[in-house]
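Asks: Pasting query.csv here (CSV, C-alpha atoms):
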chain,number,residue,atom,x,y,z
A,196,MET,CA,-13.7,-10.7,-6.7
A,197,PRO,CA,-11.0,-8.4,-5.2
A,198,LYS,CA,-11.2,-4.7,-5.3
A,199,PRO,CA,-8.3,-3.3,-3.3
A,200,ASP,CA,-7.3,0.3,-3.1
A,201,ARG,CA,-10.8,1.4,-4.1
A,202,ASP,CA,-14.1,2.1,-2.4
A,203,ASP,CA,-16.2,-1.0,-1.4
A,204,TYR,CA,-18.6,-2.4,-3.9
A,205,THR,CA,-22.1,-1.0,-3.8
A,206,GLU,CA,-25.0,-3.3,-4.7
A,207,GLU,CA,-25.1,-1.7,-8.1
A,208,ASP,CA,-21.4,-2.5,-8.6
A,209,ILE,CA,-22.1,-6.1,-7.7
A,210,HIS,CA,-25.0,-6.5,-10.1
A,211,ASP,CA,-23.1,-4.6,-12.9
A,212,SER,CA,-20.0,-6.8,-12.6
A,213,TRP,CA,-21.8,-10.2,-12.6
A,214,VAL,CA,-22.7,-11.9,-15.8
A,215,GLY,CA,-26.2,-12.8,-15.0
A,216,GLN,CA,-27.8,-12.6,-11.6
A,217,ALA,CA,-25.4,-12.0,-8.7
A,218,PRO,CA,-25.9,-14.8,-6.1
A,219,VAL,CA,-27.3,-13.7,-2.7
A,220,LEU,CA,-25.8,-15.2,0.4
A,221,ASN,CA,-27.9,-13.7,3.3
A,222,SER,CA,-25.9,-15.8,5.7
A,223,THR,CA,-22.6,-16.2,7.5
A,224,VAL,CA,-19.5,-17.4,5.6
A,225,THR,CA,-18.3,-21.0,6.0
A,226,LEU,CA,-14.5,-21.4,6.5
A,227,ALA,CA,-12.7,-24.7,6.2
A,228,GLU,CA,-9.5,-25.7,8.0
A,229,TYR,CA,-6.5,-25.9,5.7
A,230,ASP,CA,-6.6,-28.9,3.4
A,231,PRO,CA,-3.3,-30.2,2.0
A,232,GLU,CA,-5.3,-31.3,-1.1
A,233,TRP,CA,-5.7,-27.6,-2.2
A,234,PRO,CA,-2.3,-27.3,-3.9
A,235,ARG,CA,-3.0,-30.5,-5.8
A,236,LEU,CA,-6.3,-29.2,-7.0
A,237,PHE,CA,-4.6,-26.0,-8.2
A,238,GLU,CA,-2.0,-28.0,-10.1
A,239,ARG,CA,-4.7,-30.1,-11.8
A,240,GLU,CA,-6.6,-27.0,-12.9
A,241,ALA,CA,-3.4,-25.2,-14.0
A,242,LYS,CA,-2.4,-28.2,-16.2
A,243,ARG,CA,-5.9,-28.3,-17.8
A,244,ILE,CA,-5.9,-24.5,-18.5
A,245,ARG,CA,-2.4,-24.7,-20.0
A,246,GLU,CA,-3.6,-27.4,-22.3
A,247,ILE,CA,-6.6,-25.3,-23.4
A,248,LEU,CA,-4.8,-22.0,-23.9
A,249,GLY,CA,-1.2,-23.0,-24.7
A,250,GLU,CA,1.1,-20.0,-24.9
A,251,ARG,CA,-1.8,-17.6,-24.3
A,252,ALA,CA,-1.6,-18.6,-20.6
A,253,LEU,CA,1.4,-16.4,-19.8
A,254,ILE,CA,1.2,-16.9,-16.0
A,255,LEU,CA,-0.8,-19.3,-13.8
A,256,GLU,CA,-0.4,-19.0,-10.0
A,257,HIS,CA,-2.2,-20.3,-7.0
A,258,VAL,CA,-3.3,-17.2,-4.9
A,259,GLY,CA,-5.6,-16.4,-2.1
A,260,SER,CA,-6.0,-18.2,1.2
A,261,THR,CA,-5.9,-21.7,-0.1
A,262,SER,CA,-2.4,-21.0,-1.3
A,263,VAL,CA,-1.1,-20.4,2.2
A,264,PRO,CA,-0.3,-23.6,4.2
A,265,GLY,CA,-2.1,-23.7,7.6
A,266,LEU,CA,-4.6,-20.9,6.8
A,267,CYS,CA,-8.4,-21.5,7.0
A,268,ALA,CA,-10.3,-20.5,3.9
A,269,LYS,CA,-13.5,-20.9,1.9
A,270,PRO,CA,-12.8,-24.1,0.1
A,271,ILE,CA,-12.5,-22.4,-3.3
A,272,ILE,CA,-9.2,-22.4,-5.2
A,273,ASP,CA,-8.2,-18.9,-6.3
A,274,ILE,CA,-6.1,-18.9,-9.5
A,275,MET,CA,-4.5,-15.9,-11.2
A,276,LEU,CA,-4.3,-16.3,-15.0
A,277,ILE,CA,-2.5,-13.6,-17.1
A,278,VAL,CA,-3.2,-13.5,-20.8
A,279,PRO,CA,-1.9,-11.1,-23.4
A,280,ASP,CA,-5.0,-8.9,-23.2
A,281,SER,CA,-7.9,-9.9,-20.9
A,282,ASN,CA,-10.2,-7.4,-22.6
A,283,ASP,CA,-9.8,-9.4,-25.9
A,284,GLU,CA,-12.1,-12.2,-24.8
A,285,ASP,CA,-12.2,-13.8,-28.2
A,286,THR,CA,-8.7,-15.1,-27.6
A,287,TYR,CA,-9.5,-17.2,-24.6
A,288,LEU,CA,-13.2,-17.1,-23.5
A,289,PRO,CA,-14.5,-19.5,-26.2
A,290,GLN,CA,-11.8,-22.0,-25.6
A,291,LEU,CA,-12.4,-22.0,-21.8
A,292,ALA,CA,-16.1,-22.1,-22.3
A,293,ALA,CA,-15.9,-25.1,-24.6
A,294,GLU,CA,-14.2,-27.0,-21.7
A,295,GLY,CA,-16.8,-26.1,-19.1
A,296,TYR,CA,-15.4,-22.9,-17.6
A,297,THR,CA,-18.2,-20.3,-17.0
A,298,LEU,CA,-17.6,-16.5,-17.1
A,299,VAL,CA,-19.3,-15.1,-14.0
A,300,ILE,CA,-17.7,-11.7,-13.6
A,301,ARG,CA,-16.7,-9.1,-16.2
A,302,GLU,CA,-15.0,-5.8,-15.1
A,303,PRO,CA,-13.3,-4.2,-18.1
A,304,GLU,CA,-12.9,-0.9,-16.4
A,305,TRP,CA,-11.1,-2.3,-13.3
A,306,GLU,CA,-7.8,-4.1,-14.2
A,307,LYS,CA,-9.6,-5.7,-17.2
A,308,HIS,CA,-10.7,-8.3,-14.7
A,309,ARG,CA,-12.7,-11.4,-15.5
A,310,CYS,CA,-13.6,-14.4,-13.3
A,311,PHE,CA,-14.6,-17.9,-14.3
A,312,LYS,CA,-15.9,-20.8,-12.4
A,313,GLY,CA,-14.6,-24.3,-13.2
A,314,PRO,CA,-16.3,-27.3,-14.8
A,315,ASP,CA,-16.0,-29.5,-11.7
A,316,THR,CA,-13.6,-28.2,-9.0
A,317,ASN,CA,-14.8,-25.1,-7.1
A,318,ILE,CA,-12.4,-22.4,-8.3
A,319,ASN,CA,-12.3,-18.7,-9.0
A,320,LEU,CA,-10.2,-18.2,-12.1
A,321,HIS,CA,-9.2,-14.5,-12.1
A,322,VAL,CA,-8.0,-13.3,-15.5
A,323,TYR,CA,-5.8,-10.2,-16.0
A,324,SER,CA,-3.5,-8.6,-18.5
A,325,PRO,CA,0.2,-8.3,-18.0
A,326,ASP,CA,0.1,-4.7,-16.9
A,327,ASN,CA,-2.4,-5.4,-14.1
A,328,GLY,CA,-1.8,-4.0,-10.6
A,329,GLN,CA,-2.9,-7.0,-8.7
A,330,ALA,CA,-0.3,-9.7,-9.4
A,331,GLU,CA,2.2,-8.0,-7.1
A,332,ARG,CA,-0.5,-7.7,-4.4
A,333,TYR,CA,-1.4,-11.4,-4.6
A,334,ARG,CA,2.3,-12.4,-4.3
A,335,LEU,CA,3.3,-10.0,-1.6
A,336,PHE,CA,0.3,-11.0,0.5
A,337,ARG,CA,0.8,-14.7,0.0
A,338,GLU,CA,4.5,-14.7,0.7
A,339,ARG,CA,4.1,-12.4,3.7
A,340,LEU,CA,1.6,-14.8,5.3
A,341,ILE,CA,3.8,-17.8,4.6
A,342,ALA,CA,6.9,-16.2,6.1
A,343,HIS,CA,5.3,-14.5,9.1
A,344,GLU,CA,3.2,-16.5,11.5
A,345,ASP,CA,2.0,-13.4,13.3
A,346,GLU,CA,0.6,-12.0,10.1
A,347,LEU,CA,-1.1,-15.3,9.3
A,348,LYS,CA,-2.7,-15.4,12.8
A,349,LEU,CA,-3.8,-11.8,12.5
A,350,TYR,CA,-5.5,-12.4,9.1
A,351,GLU,CA,-7.0,-15.7,10.3
A,352,ALA,CA,-8.5,-14.1,13.4
A,353,THR,CA,-10.0,-11.3,11.2
A,354,LYS,CA,-11.4,-13.8,8.8
A,355,ARG,CA,-13.1,-15.8,11.5
A,356,GLU,CA,-14.6,-12.8,13.1
A,357,LEU,CA,-16.0,-11.4,9.8
A,358,ALA,CA,-17.2,-14.8,8.7
A,359,SER,CA,-19.4,-15.1,11.8
A,360,ARG,CA,-21.4,-12.1,10.6
A,361,THR,CA,-24.3,-12.2,8.2
A,362,TRP,CA,-23.7,-10.8,4.7
A,363,LYS,CA,-26.1,-10.3,1.9
A,364,TYR,CA,-23.4,-10.8,-0.8
A,365,ILE,CA,-20.0,-12.6,-0.4
A,366,GLN,CA,-18.4,-9.5,-1.9
A,367,GLN,CA,-19.3,-7.6,1.2
A,368,TYR,CA,-17.3,-10.1,3.3
A,369,ALA,CA,-14.4,-9.7,0.9
A,370,ASP,CA,-14.5,-5.9,1.1
A,371,ALA,CA,-14.5,-6.1,4.9
A,372,LYS,CA,-11.2,-7.9,4.8
A,373,ASN,CA,-9.5,-5.3,2.7
A,374,GLU,CA,-8.4,-3.1,5.7
A,375,VAL,CA,-6.3,-5.9,7.3
A,376,ILE,CA,-5.1,-7.1,3.8
A,377,ASP,CA,-3.9,-3.5,3.0
A,378,GLU,CA,-2.1,-3.3,6.4
A,379,ILE,CA,-0.3,-6.6,5.8
A,380,ILE,CA,0.7,-5.7,2.2
A,381,GLU,CA,2.0,-2.3,3.4
A,382,ARG,CA,4.3,-4.1,5.9
A,383,ALA,CA,5.4,-6.4,3.1
A,384,ARG,CA,6.3,-3.5,0.9
A,385,ALA,CA,8.2,-1.9,3.8
A,386,ALA,CA,10.2,-5.1,4.1
A,387,GLN,CA,11.2,-4.9,0.4
A,388,TYR,CA,13.4,-1.9,1.3
A,389,ASP,CA,15.6,-4.3,3.2
A,390,GLY,CA,17.1,-5.5,-0.1
A,391,PHE,CA,18.2,-2.1,-1.3
A,392,ALA,CA,18.7,-0.3,2.0
A,393,ARG,CA,22.3,0.6,1.4
A,394,LEU,CA,21.6,1.7,-2.2
A,395,TYR,CA,18.9,4.0,-0.9
A,396,ALA,CA,21.1,5.3,1.8
A,397,ALA,CA,23.8,6.3,-0.6
A,398,HIS,CA,21.3,8.0,-2.9
A,399,ALA,CA,19.5,9.9,-0.2
A,400,GLU,CA,22.7,11.1,1.4
A,401,THR,CA,23.6,13.3,-1.6
A,402,SER,CA,20.5,13.6,-3.9
A,403,SER,CA,19.4,17.2,-4.4
A,404,THR,CA,15.7,16.4,-3.6
A,405,ASN,CA,16.6,14.8,-0.3
A,406,ALA,CA,19.7,16.7,1.0
A,407,HIS,CA,19.0,20.2,-0.4
A,408,TYR,CA,15.2,20.3,-0.5
A,409,ASP,CA,13.4,17.9,1.8
A,410,ARG,CA,15.6,17.7,4.8
A,411,PRO,CA,16.3,21.4,5.1
A,412,ALA,CA,12.5,22.1,4.9
A,413,ILE,CA,11.7,19.7,7.7
A,414,VAL,CA,14.5,21.0,9.9
A,415,GLU,CA,13.3,24.6,9.4
A,416,LEU,CA,9.7,23.8,10.2
A,417,ALA,CA,10.7,21.8,13.3
A,418,GLY,CA,12.4,24.9,14.6
A,419,ASP,CA,14.5,25.0,17.8
A,420,VAL,CA,14.6,21.4,18.9
A,421,ALA,CA,17.5,21.7,21.4
A,422,GLY,CA,16.7,19.8,24.6
A,423,LYS,CA,13.5,18.4,23.1
A,424,ARG,CA,12.5,14.7,22.5
A,425,VAL,CA,11.9,14.1,18.9
A,426,LEU,CA,10.4,11.0,17.2
A,427,ASP,CA,11.6,10.7,13.5
A,428,VAL,CA,9.1,8.5,11.8
A,429,GLY,CA,10.2,6.6,8.7
A,430,CYS,CA,13.8,7.6,9.4
A,431,ALA,CA,15.1,5.4,6.6
A,432,ALA,CA,18.9,5.6,6.7
A,433,GLY,CA,18.9,8.1,9.5
A,434,HIS,CA,20.1,11.3,7.7
A,435,LEU,CA,17.3,13.5,9.0
A,436,THR,CA,17.6,11.9,12.5
A,437,ALA,CA,21.2,12.9,12.6
A,438,LEU,CA,20.5,16.5,11.5
A,439,LEU,CA,18.0,16.8,14.3
A,440,ALA,CA,20.4,15.4,16.8
A,441,ALA,CA,23.0,17.9,15.7
A,442,LYS,CA,20.5,20.6,16.6
A,443,GLY,CA,20.6,19.3,20.2
A,444,ALA,CA,17.5,17.1,20.1
A,445,ASP,CA,17.2,13.7,21.8
A,446,VAL,CA,16.0,11.8,18.8
A,447,LEU,CA,14.5,8.3,18.3
A,448,GLY,CA,14.4,7.2,14.6
A,449,VAL,CA,11.9,4.5,13.7
A,450,ASP,CA,11.4,2.7,10.4
A,451,ALA,CA,9.4,-0.4,9.3
A,452,SER,CA,12.4,-1.7,7.3
A,453,GLU,CA,14.9,-3.7,9.4
A,454,GLY,CA,17.5,-3.2,6.7
A,455,MET,CA,17.1,0.6,6.9
A,456,VAL,CA,17.3,0.6,10.6
A,457,ALA,CA,20.5,-1.5,10.5
A,458,VAL,CA,22.1,1.1,8.1
A,459,ALA,CA,21.0,4.0,10.3
A,460,ARG,CA,22.5,2.4,13.4
A,461,ASP,CA,25.7,1.7,11.5
A,462,LYS,CA,26.0,5.3,10.3
A,463,PHE,CA,24.5,7.4,13.1
A,464,GLY,CA,24.1,5.1,16.1
A,465,ASP,CA,26.5,7.2,18.1
A,466,VAL,CA,24.3,10.3,17.9
A,467,ALA,CA,20.7,8.9,18.0
A,468,LYS,CA,18.7,5.8,18.8
A,469,PHE,CA,16.9,3.7,16.2
A,470,GLU,CA,14.2,1.1,16.4
A,471,THR,CA,12.2,-1.0,13.9
A,472,ALA,CA,8.5,0.0,14.1
A,473,ASP,CA,5.5,0.1,11.9
A,474,VAL,CA,3.5,3.3,12.4
A,475,SER,CA,0.3,1.7,11.3
A,476,ARG,CA,0.5,-0.3,14.5
A,477,PRO,CA,0.6,1.0,18.1
A,478,LEU,CA,4.0,2.3,19.2
A,479,THR,CA,3.9,0.4,22.5
A,480,PHE,CA,7.4,1.3,23.5
A,481,LEU,CA,6.5,5.0,23.8
A,482,GLU,CA,4.5,6.4,26.7
A,483,ASP,CA,1.7,8.9,26.4
A,484,ALA,CA,2.7,12.5,26.1
A,485,SER,CA,6.4,11.7,26.0
A,486,ILE,CA,7.4,13.4,22.7
A,487,ASP,CA,7.8,17.1,21.9
A,488,VAL,CA,8.1,16.8,18.1
A,489,VAL,CA,7.2,14.1,15.6
A,490,THR,CA,8.8,14.4,12.1
A,491,ALA,CA,7.7,12.3,9.2
A,492,SER,CA,9.7,13.0,6.0
A,493,LEU,CA,8.1,11.6,2.9
A,494,VAL,CA,6.4,8.8,4.8
A,495,LEU,CA,2.6,9.2,5.0
A,496,HIS,CA,1.9,8.9,1.3
A,497,TYR,CA,2.9,5.2,1.6
A,498,LEU,CA,-0.1,4.6,3.9
A,499,LYS,CA,-3.6,4.3,2.4
A,500,GLU,CA,-5.3,5.3,5.7
A,501,TRP,CA,-3.7,7.8,8.0
A,502,ALA,CA,-6.0,7.6,11.0
A,503,PRO,CA,-4.1,4.8,13.0
A,504,ALA,CA,-0.7,6.6,12.5
A,505,LEU,CA,-2.1,10.0,13.4
A,506,ALA,CA,-3.8,8.6,16.5
A,507,GLU,CA,-0.5,7.2,17.7
A,508,PHE,CA,1.3,10.5,16.9
A,509,ARG,CA,-1.3,12.4,18.9
A,510,ARG,CA,-1.1,9.9,21.8
A,511,VAL,CA,2.7,10.2,22.2
A,512,LEU,CA,2.9,13.9,21.7
A,513,LYS,CA,2.7,16.3,24.6
A,514,PRO,CA,-0.2,18.8,24.5
A,515,GLY,CA,0.8,21.5,22.1
A,516,GLY,CA,3.5,19.2,20.6
A,517,MET,CA,4.2,19.4,16.9
A,518,LEU,CA,3.9,17.0,13.9
A,519,VAL,CA,6.0,18.1,11.0
A,520,PHE,CA,5.7,16.1,7.8
A,521,SER,CA,6.2,16.1,4.1
A,522,VAL,CA,4.4,14.2,1.3
A,523,HIS,CA,4.4,14.1,-2.4
A,524,HIS,CA,2.8,17.3,-3.8
A,525,PRO,CA,-0.8,16.3,-4.9
A,526,GLY,CA,-0.6,18.5,-8.0
A,527,GLU,CA,2.7,17.1,-9.0
A,528,ASP,CA,1.6,13.4,-8.8
A,529,TRP,CA,-1.6,14.2,-10.6
A,530,ARG,CA,0.3,15.9,-13.4
A,531,TRP,CA,3.4,13.6,-13.5
A,532,PHE,CA,1.4,10.4,-13.8
A,533,GLY,CA,-1.1,11.8,-16.3
A,534,LYS,CA,-4.2,11.1,-14.2
A,535,GLU,CA,-7.6,12.4,-15.2
A,536,ASN,CA,-9.3,12.5,-11.8
A,537,TYR,CA,-7.4,14.7,-9.4
A,538,PHE,CA,-9.8,13.9,-6.6
A,539,GLN,CA,-9.2,10.1,-6.6
A,540,LEU,CA,-7.3,8.2,-3.9
A,541,GLU,CA,-5.0,6.0,-6.0
A,542,LEU,CA,-2.1,3.7,-5.7
A,543,LEU,CA,0.8,4.6,-7.9
A,544,GLU,CA,4.1,2.9,-8.8
A,545,ASP,CA,7.4,4.5,-9.5
A,546,GLU,CA,11.1,3.7,-9.4
A,547,PHE,CA,13.3,5.2,-6.6
A,548,PRO,CA,16.2,4.8,-6.7
A,549,GLN,CA,16.4,3.9,-10.4
A,550,GLY,CA,15.5,0.2,-10.9
A,551,GLN,CA,13.7,-0.2,-7.5
A,552,LYS,CA,10.0,-0.2,-7.7
A,553,VAL,CA,8.1,1.6,-4.9
A,554,ARG,CA,4.4,2.2,-4.5
A,555,PHE,CA,2.6,5.1,-2.8
A,556,TYR,CA,-0.8,6.8,-2.7
A,557,ARG,CA,-1.8,10.0,-4.3
A,558,ARG,CA,-4.7,12.0,-2.9
A,559,PRO,CA,-6.2,15.5,-3.2
A,560,LEU,CA,-5.0,18.2,-0.8
A,561,SER,CA,-8.5,18.4,0.7
A,562,TRP,CA,-8.2,14.8,1.8
A,563,THR,CA,-4.9,15.5,3.6
A,564,PHE,CA,-6.4,18.5,5.4
A,565,GLY,CA,-9.4,16.5,6.5
A,566,ALA,CA,-7.3,13.6,7.8
A,567,VAL,CA,-5.0,15.9,9.8
A,568,ARG,CA,-8.0,17.7,11.3
A,569,ASP,CA,-9.8,14.5,12.1
A,570,GLY,CA,-6.6,13.2,13.7
A,571,GLY,CA,-6.7,16.1,16.3
A,572,PHE,CA,-4.1,18.4,14.7
A,573,ALA,CA,-4.3,22.0,13.6
A,574,VAL,CA,-2.3,23.2,10.6
A,575,ASP,CA,0.1,26.0,11.6
A,576,ARG,CA,2.0,26.3,8.4
A,577,LEU,CA,1.8,24.9,4.8
A,578,VAL,CA,5.0,25.3,2.9
A,579,GLU,CA,6.1,24.8,-0.7
A,580,PRO,CA,9.8,25.3,-0.3
A,581,MET,CA,12.6,26.4,-2.6
A,582,PRO,CA,15.8,24.3,-2.9
A,583,GLU,CA,19.0,25.5,-1.3
A,584,GLU,CA,21.1,27.9,-3.3
A,585,THR,CA,24.1,25.6,-2.9
A,586,ILE,CA,23.0,23.4,-5.7
A,587,ALA,CA,22.5,26.2,-8.3
A,588,ASP,CA,25.9,25.4,-9.7
A,589,SER,CA,26.4,21.7,-8.6
A,590,ASP,CA,23.0,20.5,-9.9
A,591,PRO,CA,21.5,23.3,-12.1
A,592,ARG,CA,18.9,21.0,-13.7
A,593,TRP,CA,17.3,20.0,-10.4
A,594,TYR,CA,17.8,23.5,-9.0
A,595,ALA,CA,15.7,25.0,-11.9
A,596,LYS,CA,13.1,22.2,-11.7
A,597,LEU,CA,12.6,22.6,-7.9
A,598,ARG,CA,12.2,26.4,-8.3
A,599,THR,CA,9.5,26.1,-10.9
A,600,GLN,CA,7.7,22.8,-10.3
A,601,PRO,CA,6.3,21.6,-6.9
A,602,ARG,CA,7.8,18.4,-5.8
A,603,PHE,CA,6.8,17.9,-2.1
A,604,LEU,CA,4.4,19.6,0.3
A,605,TYR,CA,5.2,20.4,3.9
A,606,PHE,CA,3.0,20.8,7.0
A,607,LYS,CA,3.7,22.1,10.4
A,608,THR,CA,0.8,21.0,12.6
A,609,VAL,CA,0.1,21.3,16.3
A,610,ARG,CA,-1.5,18.7,18.6
A,611,GLU,CA,-4.8,20.1,19.8
A,612,SER,CA,-6.0,19.6,23.3
A,613,ARG,CA,-9.5,18.5,22.3
A,614,VAL,CA,-10.5,14.9,22.6
Would you write the structure of this file as structure tokens?
Replies:
Amino acid sequence: MPKPDRDDYTEEDIHDSWVGQAPVLNSTVTLAEYDPEWPRLFEREAKRIREILGERALILEHVGSTSVPGLCAKPIIDIMLIVPDSNDEDTYLPQLAAEGYTLVIREPEWEKHRCFKGPDTNINLHVYSPDNGQAERYRLFRERLIAHEDELKLYEATKRELASRTWKYIQQYADAKNEVIDEIIERARAAQYDGFARLYAAHAETSSTNAHYDRPAIVELAGDVAGKRVLDVGCAAGHLTALLAAKGADVLGVDASEGMVAVARDKFGDVAKFETADVSRPLTFLEDASIDVVTASLVLHYLKEWAPALAEFRRVLKPGGMLVFSVHHPGEDWRWFGKENYFQLELLEDEFPQGQKVRFYRRPLSWTFGAVRDGGFAVDRLVEPMPEETIADSDPRWYAKLRTQPRFLYFKTVRESRV
């Protein structure tokens, strides 16, 4: 019963989502070593479901821990079934029920999610509609664990530690895993940039929002960086890094995408240094209090939780050092995506550049202020900039838009000396 990118289930949530009485665990969780039989059990179930539903079974995939060779798991086969409309239960529930599948969970307000137990094999059959937001998460997570042994070991160690605790409901164990799952998925998404790094670099080099709006605002807030050591976080193709270096700074650009870092080194390796690094993890190659300025241009909105990254920024910054960053404007995302609840922390999907799907989080302005303050930073300036006048003639459409509609929001913050 996954519930990523949202608050953990309350007991009321658990009882409301279950069809009938929610089972009580009141125990630890039993994990089994990987069983090569699990893929065969999935194939048997998938064949049976296809025979029952025919063309209504749009997608059937083996997901969850039992789909990852070598990973320990609860011996329950997780299956993702996508049907034309999972809220239209009449089109699939009676047919599944007639063959012994039992509906145990109904969540029409969250991804139109349903879950069935099987007639004989222990399975969780998760049913969604085609427009669900979970299919990509399932796939990214599964493929990331298969391709990266370090991620598999991290997840397995987390599972074993959490499984040793006593939980009233199994959902509470599942919720406790979400933090590490989200971290792994965020790294998987960062790796997706590798495939279109050069396309992104070409776009970012000349686009009005990047070259004549975002980068000038960051450089202005960073101030006089001559002779200072600057860490440019999420450097992408290195354009901002190079600008800061041109101002006389000693700059290290870091990005989670190896493809982006390769492009940055190729273009700007003669003026700055570049490394592959994930800011949600410790920056072990940097010493305490070794950096004067951290810049993070349009980076932090890709992270669900900011605390680990802000803690590392604070650690590597000298006392009184600056963190300058930009994020999507909270009012713009709320309006642009037509959301009802401005105060919700929510994962959004967009295309940037055109044809390339990216995901990021929107959140209220108060959340950002709170995270920055809790991270040990004081806000010195909050800026909603204007575009450079140079694009008034060359790109009048974006010039007019950026002068009338907020696009990004800019912060200049100072590392406080308090613990």
Asks: Fewer than 3 positions away in the same chain doesn't count, so skip those; otherwise give me all residues within 7 Å of Ala392 (chain A), counting all atoms listed in the file, as a list in words.
Replies: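 My list of contacting residues is Tyr388, Asp389, Tyr395, Ala396, Gly454 and Met455 of chain A.
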Asks: For a quick check of understanding, using only C-alpha atoms, which of A:Thr316, A:Thr205, A:Ser212, A:Ser402 has the smallest distance to Arg243 (chain A)?
Replies: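 Checking each of A:Thr316, A:Thr205, A:Ser212, A:Ser402 against Arg243 (chain A), counting only C-alpha atoms, the winner is A:Thr316.
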Asks: Could you tell me which of A:His308, A:Asn327, A:Gly265, A:Asp419 comes closest to Asn282 (chain A) if we count all atoms listed in the file?
Replies: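 That would be A:His308, the residue with the smallest distance to Asn282 (chain A).
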Asks: Please indicate the distance in Å from CA of Ala566 (chain A) to CA of Ala386 (chain A), rounded to one decimal place.
Replies: 25.9 Å
Asks: Report as a list of chain:residue names all protein, DNA and RNA residues lying within 7 Å of region 473-490 of chain A, evaluated on all atoms listed in the file, omitting residues in the same chain fewer than 3 positions from it.
Replies: A:Lys423, A:Arg424, A:Val425, A:Leu426, A:Asp427, A:Val428, A:Asp450, A:Ala451, A:Pro503, A:Ala504, A:Glu507, A:Arg510, A:Val511, A:Leu512, A:Lys513, A:Gly516, A:Met517, A:Leu518, A:Val519, A:Phe520
Asks: So which one's closest to Ser492 (chain A), A:Ala432, A:Ile247, A:Leu298, A:Ala252? Using all atoms listed in the file, please.
Replies: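 Nearest candidate to Ser492 (chain A) out of A:Ala432, A:Ile247, A:Leu298, A:Ala252: A:Ala432.
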